[in-house]
Amino acid sequence: MSEWWRDAVIYQVYVRSFADGNGDGVGDLIGARDRLPYLKDLGVDAVWLTPFYTSPMADFGYDVADYRDVDPLFGTLGDAKGLIEEAHALGLRVIVDVVPNHTSSAHPWFQEALRGEHRDRYIFRSEPNDWESIFGGPAWTQLPDGSWYLHLFDPAQPDLNWENPEVHGEFDSILRFWLDLGVDGFRIDVAHGMVKPHDLPDIGHPDQVRLIGTEPVPYFDNDGVHDIHRRWRKILDSYPGERIGVAEAWAPTPERLANYVRPDELHQAFNFHFLFAPWQAGALRAVIDESLATAGSVGAPTTWVLSNHDVKRHVTRYGSLARARAAALLTLALPGSAYVYQGEELGLPEVLDLPDEVCQDPQRLRDPDSGRDGCRVPIPWTRALGWNRPWLPIPAEWSSLSVEAQQGVESSTLELYRAALRLRKQLDGPLTWHDSPEGTLLFSRGDFVCAVSLGGSTDGLVDGELLLASDTPGSADSTQWWKGKVA
């Protein structure tokens, strides 16, 4: 077996903001299919598509009304099949989202529950507890009959009851539907959340609280979720071609995160501990060491991610494009699998000045400081931006960051990513740290050496051939790749 996923680079396509195939201002599957050659040329191994299922779009597709069909906004089931087939013809694998913690309130199951039928598919109580929604406000909504239902996210996203065997059977069927259609795996949304604490206790006790970013929410990393993932692993293993499961799991420690990627569970888990690490040499080295050790303890690869559709883009988080480019080369030099969020290869920053009237994120409507619209602005393909009336406005200054403007320009961020992804395929072996001055990181993998400046000087640290640099060697906030040895 090739175990392709152990060192794969997987590109996240946020479908509504990637490419518009029909000119309505919203990205779709036709547009994504048209851009597959771009992704092949970029050098990635797989594409992860965010939800494109039938949905009222209360949370932009993460509120699913039909898990076995495509929303007309994004195309048809035939478009999905065509995209998968063309990706495979280009040598790209396709991963799709599955959303098992909750459905849309428009889902037929919840519509039945509103009529008092089969309510045990969801979580209903006669009285709510004190849990807060991750989007802000109470996690419970009362119905006219006086009962309350749980929603960890928007009220339009009622939580499923995973103590009900019918829920297990339904998702077994959903996974098989898409595996039969040819997908190569699933990114599992809220993979930590399906099983709730016993008896739904109030969160007043500190052991029941953790953080997502800076928001306190109920601690849902409960051991019962692992039985679900083991069941799904058996389904994945029953198909040819190494189909994989990827956990979006918010765990309080790297050790708890490693539980999701034990040999009989999922293949990968997003490494949010790395994503949120500050641009400091000591902090980054610590989280890299901890991530490699904990994932390695269960025989799994570590994943590395800098941005996604839920967090501010790392150009803005780190404070400069120079740091973002340096971070990209650091990340792509590490052993394991890397995720690239659409547009980071162009050096796109977070859009911080979107007019209030265009912002649509339900999280922002409840907490203006935590909105995610700014990282979801459509990516620019041409100097004219390449969109007709995009669903979120694209800054005019992104003309110079467009694919067209950067294509073939040696110093551009796009060409930096292309070169890095090409060279990365030659990297092999474990990571070995070397002593280096304060404000720097220095490690090797065989005869490959990576030198990172985080304010300190890397001059004279390596003897050999310079393969690639994020900036002029010796610059503060830069990374260099060398073939050679530590001086």
# chains A, B, ... in the order shown; residues from 1 in each chain; ligands from 1
>>> residues_around(residues="stretch 223-233 of chain A", least_positions_apart="2", cutoff="10 Å", atoms="only C-alpha atoms", output="number ranges by chain")
A: 162-163, 168, 171-172, 175-176, 188, 191-197, 220-221, 235-238, 243-245, 247, 256, 259-267
>>> residues_around(residues="A:Ala89", least_positions_apart="4", cutoff="12 Å", atoms="only C-alpha atoms", output="list in words")
Arg33, Leu36, Pro37, Lys40, Gly82, Leu83, Ile84, Glu85, Arg93 and Val94 of chain A
>>> write_last_selection(atoms="N, CA, C and O atoms", output="PDB file, in the first residue's frame")
ATOM      1  N   ARG A  33     -14.243  22.321 -11.124  1.00  0.00           N
ATOM      2  CA  ARG A  33     -13.746  21.350 -12.106  1.00  0.00           C
ATOM      3  C   ARG A  33     -12.882  22.031 -13.158  1.00  0.00           C
ATOM      4  O   ARG A  33     -11.825  21.510 -13.548  1.00  0.00           O
ATOM      5  N   LEU A  36      -9.252  22.461 -11.962  1.00  0.00           N
ATOM      6  CA  LEU A  36      -8.439  21.316 -11.549  1.00  0.00           C
ATOM      7  C   LEU A  36      -7.054  21.305 -12.197  1.00  0.00           C
ATOM      8  O   LEU A  36      -6.064  20.976 -11.518  1.00  0.00           O
ATOM      9  N   PRO A  37      -6.919  21.681 -13.487  1.00  0.00           N
ATOM     10  CA  PRO A  37      -5.557  21.738 -14.044  1.00  0.00           C
ATOM     11  C   PRO A  37      -4.651  22.728 -13.311  1.00  0.00           C
ATOM     12  O   PRO A  37      -3.444  22.489 -13.186  1.00  0.00           O
ATOM     13  N   LYS A  40      -3.466  20.851 -10.298  1.00  0.00           N
ATOM     14  CA  LYS A  40      -2.472  19.866 -10.708  1.00  0.00           C
ATOM     15  C   LYS A  40      -1.129  20.537 -10.955  1.00  0.00           C
ATOM     16  O   LYS A  40      -0.077  20.056 -10.502  1.00  0.00           O
ATOM     17  N   GLY A  82     -18.726  14.281 -12.316  1.00  0.00           N
ATOM     18  CA  GLY A  82     -17.783  14.705 -13.339  1.00  0.00           C
ATOM     19  C   GLY A  82     -16.503  15.277 -12.747  1.00  0.00           C
ATOM     20  O   GLY A  82     -15.401  15.034 -13.253  1.00  0.00           O
ATOM     21  N   LEU A  83     -16.631  16.050 -11.669  1.00  0.00           N
ATOM     22  CA  LEU A  83     -15.447  16.611 -11.014  1.00  0.00           C
ATOM     23  C   LEU A  83     -14.564  15.498 -10.461  1.00  0.00           C
ATOM     24  O   LEU A  83     -13.336  15.522 -10.631  1.00  0.00           O
ATOM     25  N   ILE A  84     -15.180  14.519  -9.800  1.00  0.00           N
ATOM     26  CA  ILE A  84     -14.406  13.424  -9.230  1.00  0.00           C
ATOM     27  C   ILE A  84     -13.670  12.662 -10.325  1.00  0.00           C
ATOM     28  O   ILE A  84     -12.475  12.349 -10.208  1.00  0.00           O
ATOM     29  N   GLU A  85     -14.355  12.377 -11.422  1.00  0.00           N
ATOM     30  CA  GLU A  85     -13.738  11.622 -12.515  1.00  0.00           C
ATOM     31  C   GLU A  85     -12.596  12.398 -13.154  1.00  0.00           C
ATOM     32  O   GLU A  85     -11.529  11.832 -13.447  1.00  0.00           O
ATOM     33  N   ARG A  93      -6.739  13.323  -5.917  1.00  0.00           N
ATOM     34  CA  ARG A  93      -7.763  12.665  -5.121  1.00  0.00           C
ATOM     35  C   ARG A  93      -8.745  13.714  -4.599  1.00  0.00           C
ATOM     36  O   ARG A  93      -8.409  14.898  -4.510  1.00  0.00           O
ATOM     37  N   VAL A  94      -9.940  13.259  -4.246  1.00  0.00           N
ATOM     38  CA  VAL A  94     -11.013  14.171  -3.833  1.00  0.00           C
ATOM     39  C   VAL A  94     -11.528  13.760  -2.462  1.00  0.00           C
ATOM     40  O   VAL A  94     -11.950  12.620  -2.256  1.00  0.00           O
TER      41      VAL A  94
END
>>> select_by_dssp(residues="stretch 117-289 of chain A", states="helix (DSSP H, G or I)", output="VMD selection string")
chain A and resid 119 to 121 165 to 181 206 to 208 225 to 237 254 to 261 272 to 275 281 to 289
>>> write_last_selection(atoms="C-alpha atoms", output="PDB file, in the first residue's frame")
ATOM      1  CA  ARG A 119     -37.721  13.053  18.151  1.00  0.00           C
ATOM      2  CA  ASP A 120     -35.152  10.611  19.503  1.00  0.00           C
ATOM      3  CA  ARG A 121     -33.083  11.251  16.358  1.00  0.00           C
ATOM      4  CA  PRO A 165     -28.802   3.438  16.293  1.00  0.00           C
ATOM      5  CA  GLU A 166     -30.833   4.883  13.415  1.00  0.00           C
ATOM      6  CA  VAL A 167     -28.410   7.819  13.235  1.00  0.00           C
ATOM      7  CA  HIS A 168     -25.454   5.429  12.961  1.00  0.00           C
ATOM      8  CA  GLY A 169     -27.139   3.493  10.173  1.00  0.00           C
ATOM      9  CA  GLU A 170     -28.010   6.631   8.242  1.00  0.00           C
ATOM     10  CA  PHE A 171     -24.435   7.910   8.225  1.00  0.00           C
ATOM     11  CA  ASP A 172     -23.054   4.496   7.287  1.00  0.00           C
ATOM     12  CA  SER A 173     -25.301   4.746   4.238  1.00  0.00           C
ATOM     13  CA  ILE A 174     -24.249   8.341   3.478  1.00  0.00           C
ATOM     14  CA  LEU A 175     -20.559   7.426   3.561  1.00  0.00           C
ATOM     15  CA  ARG A 176     -21.119   4.480   1.250  1.00  0.00           C
ATOM     16  CA  PHE A 177     -23.127   6.648  -1.172  1.00  0.00           C
ATOM     17  CA  TRP A 178     -20.194   9.004  -1.730  1.00  0.00           C
ATOM     18  CA  LEU A 179     -17.563   6.265  -1.653  1.00  0.00           C
ATOM     19  CA  ASP A 180     -19.522   4.465  -4.365  1.00  0.00           C
ATOM     20  CA  LEU A 181     -19.465   7.727  -6.348  1.00  0.00           C
ATOM     21  CA  PRO A 206     -14.129  23.790  35.138  1.00  0.00           C
ATOM     22  CA  ASP A 207     -13.607  20.254  33.798  1.00  0.00           C
ATOM     23  CA  GLN A 208     -16.555  20.775  31.470  1.00  0.00           C
ATOM     24  CA  VAL A 225     -16.836   9.435  19.596  1.00  0.00           C
ATOM     25  CA  HIS A 226     -14.033   6.969  19.005  1.00  0.00           C
ATOM     26  CA  ASP A 227     -16.455   4.070  18.614  1.00  0.00           C
ATOM     27  CA  ILE A 228     -18.066   6.007  15.761  1.00  0.00           C
ATOM     28  CA  HIS A 229     -14.720   6.626  14.068  1.00  0.00           C
ATOM     29  CA  ARG A 230     -13.726   2.975  14.424  1.00  0.00           C
ATOM     30  CA  ARG A 231     -16.967   1.986  12.717  1.00  0.00           C
ATOM     31  CA  TRP A 232     -16.283   4.435   9.897  1.00  0.00           C
ATOM     32  CA  ARG A 233     -12.696   3.227   9.513  1.00  0.00           C
ATOM     33  CA  LYS A 234     -14.027  -0.258   8.769  1.00  0.00           C
ATOM     34  CA  ILE A 235     -16.237   1.212   6.045  1.00  0.00           C
ATOM     35  CA  LEU A 236     -13.310   3.145   4.557  1.00  0.00           C
ATOM     36  CA  ASP A 237     -11.074   0.072   4.621  1.00  0.00           C
ATOM     37  CA  PRO A 254      -2.071  16.938  21.475  1.00  0.00           C
ATOM     38  CA  GLU A 255      -2.297  13.671  23.410  1.00  0.00           C
ATOM     39  CA  ARG A 256      -6.092  13.727  23.218  1.00  0.00           C
ATOM     40  CA  LEU A 257      -5.897  14.651  19.532  1.00  0.00           C
ATOM     41  CA  ALA A 258      -3.730  11.592  18.865  1.00  0.00           C
ATOM     42  CA  ASN A 259      -6.607   9.380  19.994  1.00  0.00           C
ATOM     43  CA  TYR A 260      -8.437  10.234  16.763  1.00  0.00           C
ATOM     44  CA  VAL A 261      -5.660   8.768  14.598  1.00  0.00           C
ATOM     45  CA  PHE A 272      -4.887  23.332  15.400  1.00  0.00           C
ATOM     46  CA  HIS A 273      -2.163  23.564  18.047  1.00  0.00           C
ATOM     47  CA  PHE A 274       0.271  24.362  15.216  1.00  0.00           C
ATOM     48  CA  LEU A 275      -2.149  26.716  13.462  1.00  0.00           C
ATOM     49  CA  ALA A 281      11.029  30.234  17.489  1.00  0.00           C
ATOM     50  CA  GLY A 282      10.583  28.591  20.881  1.00  0.00           C
ATOM     51  CA  ALA A 283       6.816  28.273  20.601  1.00  0.00           C
ATOM     52  CA  LEU A 284       6.948  26.817  17.096  1.00  0.00           C
ATOM     53  CA  ARG A 285       9.680  24.315  17.956  1.00  0.00           C
ATOM     54  CA  ALA A 286       7.740  23.182  21.010  1.00  0.00           C
ATOM     55  CA  VAL A 287       4.503  22.583  19.117  1.00  0.00           C
ATOM     56  CA  ILE A 288       6.341  20.837  16.256  1.00  0.00           C
ATOM     57  CA  ASP A 289       8.103  18.489  18.681  1.00  0.00           C
TER      58      ASP A 289
END
>>> residues_around(residues="A:Gly116", least_positions_apart="3", cutoff="12 Å", atoms="only C-alpha atoms", output="count of residues only")
15
>>> atom_distance(atom1="atom CA of A:Phe276", atom2="atom CA of A:Arg372")
15.9 Å
>>> select_by_dssp(residues="stretch 335-471 of chain A", states="strand (DSSP E)", output="short mmCIF file (atom, residue, chain, number, x, y, z; two decimals) with all heavy atoms, in the first residue's frame")
data_model
loop_
_atom_site.label_atom_id
_atom_site.label_comp_id
_atom_site.auth_asym_id
_atom_site.auth_seq_id
_atom_site.Cartn_x
_atom_site.Cartn_y
_atom_site.Cartn_z
N SER A 337 1.72 15.48 6.56
CA SER A 337 0.82 15.96 5.51
C SER A 337 0.51 17.43 5.75
O SER A 337 0.37 17.88 6.89
CB SER A 337 -0.48 15.15 5.54
OG SER A 337 -1.40 15.62 4.58
N ALA A 338 0.41 18.21 4.66
CA ALA A 338 0.15 19.65 4.77
C ALA A 338 -1.15 20.00 4.05
O ALA A 338 -1.48 19.41 3.01
CB ALA A 338 1.30 20.45 4.17
N TYR A 339 -1.86 20.97 4.62
CA TYR A 339 -3.08 21.49 4.01
C TYR A 339 -2.85 22.93 3.58
O TYR A 339 -2.28 23.73 4.32
CB TYR A 339 -4.25 21.43 5.01
CG TYR A 339 -4.83 20.04 5.13
CD1 TYR A 339 -4.17 19.06 5.86
CD2 TYR A 339 -6.03 19.70 4.50
CE1 TYR A 339 -4.68 17.78 5.97
CE2 TYR A 339 -6.55 18.42 4.60
CZ TYR A 339 -5.88 17.47 5.33
OH TYR A 339 -6.39 16.20 5.43
N VAL A 340 -3.29 23.24 2.37
CA VAL A 340 -3.19 24.59 1.82
C VAL A 340 -4.60 25.12 1.61
O VAL A 340 -5.41 24.48 0.92
CB VAL A 340 -2.42 24.59 0.48
CG1 VAL A 340 -2.45 25.96 -0.17
CG2 VAL A 340 -0.97 24.12 0.70
N TYR A 341 -4.91 26.25 2.21
CA TYR A 341 -6.23 26.86 2.05
C TYR A 341 -6.22 27.75 0.81
O TYR A 341 -5.31 28.54 0.60
CB TYR A 341 -6.59 27.68 3.28
CG TYR A 341 -7.93 28.39 3.19
CD1 TYR A 341 -9.07 27.73 2.76
CD2 TYR A 341 -8.04 29.74 3.53
CE1 TYR A 341 -10.29 28.37 2.67
CE2 TYR A 341 -9.27 30.40 3.45
CZ TYR A 341 -10.39 29.71 3.02
OH TYR A 341 -11.60 30.35 2.93
N THR A 432 15.63 16.33 12.26
CA THR A 432 16.68 16.46 13.28
C THR A 432 16.95 17.94 13.53
O THR A 432 17.27 18.68 12.58
CB THR A 432 17.99 15.78 12.83
OG1 THR A 432 17.75 14.39 12.60
CG2 THR A 432 19.07 15.94 13.90
N TRP A 433 16.77 18.37 14.76
CA TRP A 433 17.05 19.78 15.11
C TRP A 433 18.55 19.99 15.29
O TRP A 433 19.28 19.09 15.71
CB TRP A 433 16.35 20.16 16.42
CG TRP A 433 14.86 20.23 16.34
CD1 TRP A 433 13.97 19.35 16.88
CD2 TRP A 433 14.08 21.25 15.71
NE1 TRP A 433 12.68 19.75 16.63
CE2 TRP A 433 12.71 20.92 15.91
CE3 TRP A 433 14.38 22.41 14.99
CZ2 TRP A 433 11.66 21.69 15.42
CZ3 TRP A 433 13.34 23.18 14.50
CH2 TRP A 433 12.00 22.83 14.71
N THR A 440 15.91 31.88 15.70
CA THR A 440 16.03 31.08 14.48
C THR A 440 15.64 29.64 14.77
O THR A 440 15.60 29.20 15.93
CB THR A 440 17.46 31.07 13.91
OG1 THR A 440 18.34 30.39 14.82
CG2 THR A 440 17.97 32.49 13.69
N LEU A 441 15.36 28.90 13.72
CA LEU A 441 15.16 27.45 13.79
C LEU A 441 16.01 26.82 12.71
O LEU A 441 16.13 27.36 11.60
CB LEU A 441 13.69 27.09 13.56
CG LEU A 441 12.68 27.52 14.63
CD1 LEU A 441 11.26 27.26 14.14
CD2 LEU A 441 12.93 26.80 15.95
N LEU A 442 16.59 25.66 13.00
CA LEU A 442 17.46 24.98 12.05
C LEU A 442 17.25 23.48 12.20
O LEU A 442 17.41 22.92 13.28
CB LEU A 442 18.92 25.33 12.32
CG LEU A 442 19.97 24.80 11.34
CD1 LEU A 442 19.81 25.45 9.97
CD2 LEU A 442 21.38 25.05 11.88
N PHE A 443 16.82 22.82 11.11
CA PHE A 443 16.66 21.37 11.16
C PHE A 443 17.02 20.76 9.82
O PHE A 443 17.07 21.45 8.78
CB PHE A 443 15.25 20.97 11.58
CG PHE A 443 14.14 21.38 10.64
CD1 PHE A 443 13.79 20.60 9.54
CD2 PHE A 443 13.43 22.54 10.87
CE1 PHE A 443 12.75 20.95 8.70
CE2 PHE A 443 12.38 22.92 10.03
CZ PHE A 443 12.04 22.12 8.94
N SER A 444 17.28 19.47 9.86
CA SER A 444 17.62 18.75 8.63
C SER A 444 16.77 17.51 8.50
O SER A 444 16.23 16.99 9.49
CB SER A 444 19.11 18.36 8.63
OG SER A 444 19.41 17.50 9.72
N ARG A 445 16.66 17.05 7.25
CA ARG A 445 16.04 15.78 6.93
C ARG A 445 16.93 15.14 5.87
O ARG A 445 16.83 15.48 4.69
CB ARG A 445 14.61 15.95 6.41
CG ARG A 445 13.65 16.56 7.44
CD ARG A 445 12.26 16.74 6.85
NE ARG A 445 11.66 15.46 6.49
CZ ARG A 445 10.55 15.34 5.76
NH1 ARG A 445 9.92 16.44 5.31
NH2 ARG A 445 10.06 14.15 5.48
N PHE A 448 18.86 17.50 3.31
CA PHE A 448 18.04 18.72 3.19
C PHE A 448 18.11 19.47 4.51
O PHE A 448 17.94 18.88 5.58
CB PHE A 448 16.60 18.35 2.86
CG PHE A 448 15.63 19.48 2.99
CD1 PHE A 448 15.43 20.37 1.94
CD2 PHE A 448 14.90 19.68 4.16
CE1 PHE A 448 14.52 21.43 2.05
CE2 PHE A 448 14.00 20.73 4.29
CZ PHE A 448 13.82 21.60 3.23
N VAL A 449 18.34 20.79 4.43
CA VAL A 449 18.42 21.61 5.62
C VAL A 449 17.46 22.79 5.47
O VAL A 449 17.43 23.45 4.41
CB VAL A 449 19.85 22.14 5.87
CG1 VAL A 449 19.89 22.96 7.17
CG2 VAL A 449 20.85 20.99 5.95
N CYS A 450 16.70 23.06 6.50
CA CYS A 450 15.77 24.19 6.52
C CYS A 450 16.24 25.16 7.61
O CYS A 450 16.40 24.77 8.77
CB CYS A 450 14.35 23.71 6.82
SG CYS A 450 13.12 25.02 6.88
N ALA A 451 16.46 26.42 7.22
CA ALA A 451 16.88 27.47 8.14
C ALA A 451 15.82 28.55 8.17
O ALA A 451 15.46 29.09 7.11
CB ALA A 451 18.23 28.05 7.71
N VAL A 452 15.33 28.87 9.36
CA VAL A 452 14.23 29.82 9.50
C VAL A 452 14.68 30.98 10.38
O VAL A 452 15.15 30.77 11.50
CB VAL A 452 12.99 29.15 10.13
CG1 VAL A 452 11.79 30.10 10.10
CG2 VAL A 452 12.65 27.84 9.44
N SER A 453 14.51 32.18 9.87
CA SER A 453 14.73 33.38 10.67
C SER A 453 13.40 33.89 11.20
O SER A 453 12.48 34.15 10.42
CB SER A 453 15.39 34.48 9.83
OG SER A 453 15.33 35.71 10.51
N VAL A 462 24.54 27.13 7.19
CA VAL A 462 24.46 25.97 6.29
C VAL A 462 25.52 26.07 5.22
O VAL A 462 25.77 27.15 4.65
CB VAL A 462 23.06 25.88 5.64
CG1 VAL A 462 22.93 24.56 4.87
CG2 VAL A 462 21.95 25.99 6.68
N ASP A 463 26.18 24.95 4.93
CA ASP A 463 27.07 24.82 3.78
C ASP A 463 26.36 23.99 2.71
O ASP A 463 25.88 22.89 3.01
CB ASP A 463 28.37 24.11 4.17
CG ASP A 463 29.27 24.96 5.04
OD1 ASP A 463 29.19 26.20 4.93
OD2 ASP A 463 30.03 24.37 5.83
N GLY A 464 26.27 24.51 1.50
CA GLY A 464 25.64 23.73 0.45
C GLY A 464 25.00 24.60 -0.60
O GLY A 464 25.31 25.79 -0.76
N GLU A 465 24.07 24.01 -1.32
CA GLU A 465 23.37 24.67 -2.43
C GLU A 465 22.02 25.20 -1.95
O GLU A 465 21.21 24.45 -1.41
CB GLU A 465 23.15 23.67 -3.57
CG GLU A 465 22.32 24.20 -4.72
CD GLU A 465 21.90 23.11 -5.69
OE1 GLU A 465 22.27 21.93 -5.46
OE2 GLU A 465 21.17 23.44 -6.66
N LEU A 466 21.79 26.49 -2.17
CA LEU A 466 20.50 27.08 -1.83
C LEU A 466 19.46 26.63 -2.85
O LEU A 466 19.59 26.91 -4.04
CB LEU A 466 20.60 28.60 -1.79
CG LEU A 466 19.30 29.35 -1.44
CD1 LEU A 466 18.85 29.02 -0.02
CD2 LEU A 466 19.50 30.85 -1.62
N LEU A 467 18.43 25.94 -2.37
CA LEU A 467 17.38 25.45 -3.27
C LEU A 467 16.24 26.44 -3.44
O LEU A 467 15.70 26.60 -4.54
CB LEU A 467 16.81 24.14 -2.72
CG LEU A 467 17.78 22.97 -2.53
CD1 LEU A 467 17.08 21.81 -1.84
CD2 LEU A 467 18.37 22.54 -3.87
N LEU A 468 15.86 27.09 -2.35
CA LEU A 468 14.68 27.96 -2.38
C LEU A 468 14.71 28.86 -1.16
O LEU A 468 15.17 28.45 -0.08
CB LEU A 468 13.40 27.11 -2.36
CG LEU A 468 12.06 27.79 -2.64
CD1 LEU A 468 12.03 28.40 -4.05
CD2 LEU A 468 10.92 26.80 -2.47
N ALA A 469 14.24 30.09 -1.31
CA ALA A 469 14.19 31.02 -0.19
C ALA A 469 12.92 31.84 -0.28
O ALA A 469 12.50 32.23 -1.38
CB ALA A 469 15.42 31.94 -0.18
#
>>> atom_distance(atom1="atom CA of A:Asp459", atom2="atom CA of A:Ala333")
19.2 Å
>>> residues_around(residues="A:Gly23", least_positions_apart="3", cutoff="10 Å", atoms="only C-alpha atoms", output="ChimeraX atom specification")
/A:19-20,26-28,31,386-390
>>> residues_around(residues="A:Phe52", least_positions_apart="4", cutoff="12 Å", atoms="only C-alpha atoms", output="PyMOL selection string")
chain A and resi 13-17+26-30+32+48+56-57+59-77+79-80+96-99
>>> closest_residue(among="A:Val377, A:Leu329, A:Ala156, A:Ile394", to="A:Gln480", atoms="only C-alpha atoms")
A:Leu329
>>> closest_residue(among="A:Glu397, A:Ser291, A:Val315, A:His309", to="A:Asp373", atoms="only C-alpha atoms")
A:His309
>>> atom_distance(atom1="atom CA of A:Pro430", atom2="atom CA of A:Pro240")
28.9 Å
>>> residues_around(residues="A:Asp353", least_positions_apart="6", cutoff="12 Å", atoms="only C-alpha atoms", output="PDB file with N, CA, C and O atoms, in the first residue's frame")
ATOM      1  N   CYS A 359     -21.690  41.380   4.957  1.00  0.00           N
ATOM      2  CA  CYS A 359     -21.254  40.278   5.816  1.00  0.00           C
ATOM      3  C   CYS A 359     -22.426  39.354   6.121  1.00  0.00           C
ATOM      4  O   CYS A 359     -23.518  39.812   6.457  1.00  0.00           O
ATOM      5  N   GLY A 371     -16.336  37.098  13.159  1.00  0.00           N
ATOM      6  CA  GLY A 371     -16.855  36.760  11.837  1.00  0.00           C
ATOM      7  C   GLY A 371     -15.800  36.159  10.930  1.00  0.00           C
ATOM      8  O   GLY A 371     -14.617  36.469  11.025  1.00  0.00           O
ATOM      9  N   ASP A 373     -16.237  36.049   7.413  1.00  0.00           N
ATOM     10  CA  ASP A 373     -16.394  36.493   6.027  1.00  0.00           C
ATOM     11  C   ASP A 373     -15.061  36.897   5.407  1.00  0.00           C
ATOM     12  O   ASP A 373     -14.822  36.673   4.217  1.00  0.00           O
ATOM     13  N   GLY A 374     -14.188  37.504   6.214  1.00  0.00           N
ATOM     14  CA  GLY A 374     -12.950  38.063   5.670  1.00  0.00           C
ATOM     15  C   GLY A 374     -11.988  37.051   5.102  1.00  0.00           C
ATOM     16  O   GLY A 374     -11.151  37.389   4.253  1.00  0.00           O
ATOM     17  N   CYS A 375     -12.077  35.781   5.550  1.00  0.00           N
ATOM     18  CA  CYS A 375     -11.205  34.745   4.980  1.00  0.00           C
ATOM     19  C   CYS A 375     -11.906  33.974   3.866  1.00  0.00           C
ATOM     20  O   CYS A 375     -11.310  33.058   3.280  1.00  0.00           O
ATOM     21  N   VAL A 377     -13.552  35.596   1.206  1.00  0.00           N
ATOM     22  CA  VAL A 377     -13.705  36.425   0.010  1.00  0.00           C
ATOM     23  C   VAL A 377     -13.197  35.642  -1.205  1.00  0.00           C
ATOM     24  O   VAL A 377     -12.153  34.992  -1.145  1.00  0.00           O
ATOM     25  N   LEU A 392     -19.216  38.056  -2.168  1.00  0.00           N
ATOM     26  CA  LEU A 392     -18.538  39.006  -1.289  1.00  0.00           C
ATOM     27  C   LEU A 392     -17.612  39.841  -2.165  1.00  0.00           C
ATOM     28  O   LEU A 392     -16.957  39.295  -3.067  1.00  0.00           O
ATOM     29  N   PRO A 393     -17.522  41.147  -1.931  1.00  0.00           N
ATOM     30  CA  PRO A 393     -16.696  41.983  -2.809  1.00  0.00           C
ATOM     31  C   PRO A 393     -15.210  41.666  -2.672  1.00  0.00           C
ATOM     32  O   PRO A 393     -14.712  41.433  -1.560  1.00  0.00           O
ATOM     33  N   ILE A 394     -14.525  41.656  -3.802  1.00  0.00           N
ATOM     34  CA  ILE A 394     -13.088  41.390  -3.839  1.00  0.00           C
ATOM     35  C   ILE A 394     -12.358  42.735  -3.870  1.00  0.00           C
ATOM     36  O   ILE A 394     -12.671  43.589  -4.702  1.00  0.00           O
ATOM     37  N   PRO A 395     -11.398  42.973  -2.990  1.00  0.00           N
ATOM     38  CA  PRO A 395     -10.681  44.248  -2.992  1.00  0.00           C
ATOM     39  C   PRO A 395     -10.003  44.514  -4.335  1.00  0.00           C
ATOM     40  O   PRO A 395      -9.388  43.607  -4.922  1.00  0.00           O
TER      41      PRO A 395
END
>>> residues_around(residues="A:Thr413", least_positions_apart="6", cutoff="10 Å", atoms="only C-alpha atoms", output="PyMOL selection string")
chain A and resi 321-322+324-325+328+344-348+401+403+406-407+419+470
>>> write_last_selection(atoms="N, CA and C atoms", output="tab-separated table (two decimals), in the first residue's frame")
chain	number	residue	atom	x	y	z
A	321	LEU	N	3.33	39.64	4.85
A	321	LEU	CA	3.48	38.63	3.81
A	321	LEU	C	4.82	37.92	3.96
A	322	ALA	N	5.86	38.64	4.37
A	322	ALA	CA	7.19	38.02	4.53
A	322	ALA	C	7.11	36.88	5.53
A	324	ALA	N	4.41	35.21	6.38
A	324	ALA	CA	3.55	34.16	5.83
A	324	ALA	C	4.31	33.29	4.84
A	325	ARG	N	5.13	33.89	4.01
A	325	ARG	CA	5.95	33.12	3.06
A	325	ARG	C	6.96	32.25	3.81
A	328	ALA	N	5.19	29.35	5.34
A	328	ALA	CA	4.82	28.35	4.34
A	328	ALA	C	5.98	27.40	4.07
A	344	GLU	N	-3.99	31.01	-0.23
A	344	GLU	CA	-2.77	31.26	0.53
A	344	GLU	C	-1.56	31.20	-0.39
A	345	GLU	N	-1.68	30.42	-1.49
A	345	GLU	CA	-0.59	30.38	-2.45
A	345	GLU	C	-0.45	31.70	-3.23
A	346	LEU	N	-1.43	32.58	-3.08
A	346	LEU	CA	-1.36	33.91	-3.68
A	346	LEU	C	-0.94	34.97	-2.67
A	347	GLY	N	-0.81	34.58	-1.40
A	347	GLY	CA	-0.46	35.55	-0.37
A	347	GLY	C	-1.61	36.45	0.01
A	348	LEU	N	-2.84	35.94	-0.07
A	348	LEU	CA	-4.00	36.78	0.23
A	348	LEU	C	-4.07	37.09	1.72
A	401	LEU	N	-2.44	40.56	-6.87
A	401	LEU	CA	-2.26	39.26	-6.23
A	401	LEU	C	-2.92	38.14	-7.01
A	403	VAL	N	-3.98	35.26	-9.83
A	403	VAL	CA	-3.22	34.20	-10.49
A	403	VAL	C	-2.58	34.74	-11.76
A	406	GLN	N	0.51	36.83	-11.03
A	406	GLN	CA	1.65	36.15	-10.42
A	406	GLN	C	2.22	35.03	-11.27
A	407	GLN	N	1.42	34.57	-12.23
A	407	GLN	CA	1.82	33.44	-13.06
A	407	GLN	C	3.16	33.73	-13.74
A	419	ALA	N	7.26	26.02	-6.57
A	419	ALA	CA	8.62	25.48	-6.42
A	419	ALA	C	8.73	24.63	-5.17
A	470	SER	N	12.32	32.11	0.87
A	470	SER	CA	11.11	32.93	0.90
A	470	SER	C	11.42	34.40	0.73
>>> closest_residue(among="A:His102, A:His118, A:Arg418, A:Arg187", to="A:Asp154", atoms="only C-alpha atoms")
A:His102
>>> closest_residue(among="A:Pro378, A:Gly343, A:Pro362, A:Gly336", to="A:Gly429", atoms="only C-alpha atoms")
A:Gly336
